[in-house]
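A.B. asks: Here it is, the structure in full.
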Amino acid sequence: MIIRFVIFDMDNVLYDYDHPKRLTALAKMTGRPAGDIDRIVFAGPEEDAAEKGTPNTPEEYLAQYQRLLEHPISRETWVDIRRDMMTEWPDMLAHVEAIKQDHEVALLTNNGMMLKDALYEVAPALEPIFGDRGHASAEFGTRKPDPNIYLILCKRYGFKPEETLFIDDRLDNVEGAREAGLTAYQFTSEPAFASYVRTLGLLN
């Protein structure tokens with residue numbers, strides 16, 4: 001089956017994702033140890049639930065974030081910190097642009113509704129590429145690597161799983177996509193990715 005649809009993860013695929021930088025910024029702002037913030041805010045059950053759509057609004061997500069952080073934080077500050085921890089990878093973005101010339105593309109990141117709401121504020125280079133096809137898992141009530149999330153996205157855009165390629169840096173997410181019937185590739189580096197998609201005829 002020829003690949004017609006390509007789904008990309010965001011963090012550590014299209015953008016560098018510097019989580020320690022975010023923890024440092026939050027620790028400085030709150031006076032709390034970075035390790036405590038990581039454990040309570042990001043590694044706890046609340047963030048996992050948020051990535052599955054609970055809370056289901058950005059406002060409720062931010063309220064939960066403040067409660068876990070035990071410190072007030074505005075939407076503007078949340079966006080600034082999330083944007084500052086990310087650095088776009090121009091070569092990867094250029095590859096996506098090239099693939100987009102002859103194939104449909106979409107973005108799927110495991111994140112809550114706050115990230116969905118602010119997606120193109122924190123990652124502005126993605127807006128002209130993905131437009132209304134930039135998605136956070138919270139929209140679908142589940143998260144990668146649940147096979148259902150890949151099937152939902154394929155159905156939304158009218159593609160069969162077997163004609164869809166999924167790119168992610170996490171092996172578990174790749175395996176979930178394969179279980180759903182997609183072709184899936186674990187991203188490790190830009191040169192390796194470019195070589196792989198050329199074998200599929202997606203890049204010259």
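Naming works like this for the structure tokens: A, B, ... for the chains as they're shown, residue 1 at the start of each chain, ligands 1 onward in shown order.
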With only C-alpha atoms as the counted atoms, please give the residues lying no more than 10 Å from stretch 148-156 of chain A, apart from itself and same-chain residues fewer than 3 positions off, as a PyMOL selection string.

C.D. replies: chain A and resi 5-7+106-108+133+135+137+139-145+159-164+166+173+176-182

A.B. asks: Can you pull out the residues contacting A:Ala125? Cut-off 10 Å, using only C-alpha atoms, and skip same-chain residues under 4 positions away; I want them as a PyMOL selection string.

C.D. replies: chain A and resi 14-15+88-90+93+120-121+129-130

A.B. asks: From a DSSP pass on the backbone, collect the residues of stretch 8-185 of chain A flagged as helix (DSSP H, G or I) and hand them back as a PyMOL selection string.

C.D. replies: chain A and resi 19-30+34-42+45-51+58-69+75-84+90-100+113-122+124-133+137-140+147-157+161-163+171-179

A.B. asks: Distance atom CA of A:Glu175-atom CA of A:Ile3, one decimal place?

C.D. replies: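 Between atom CA of A:Glu175 and atom CA of A:Ile3 the gap is 17.9 Å.
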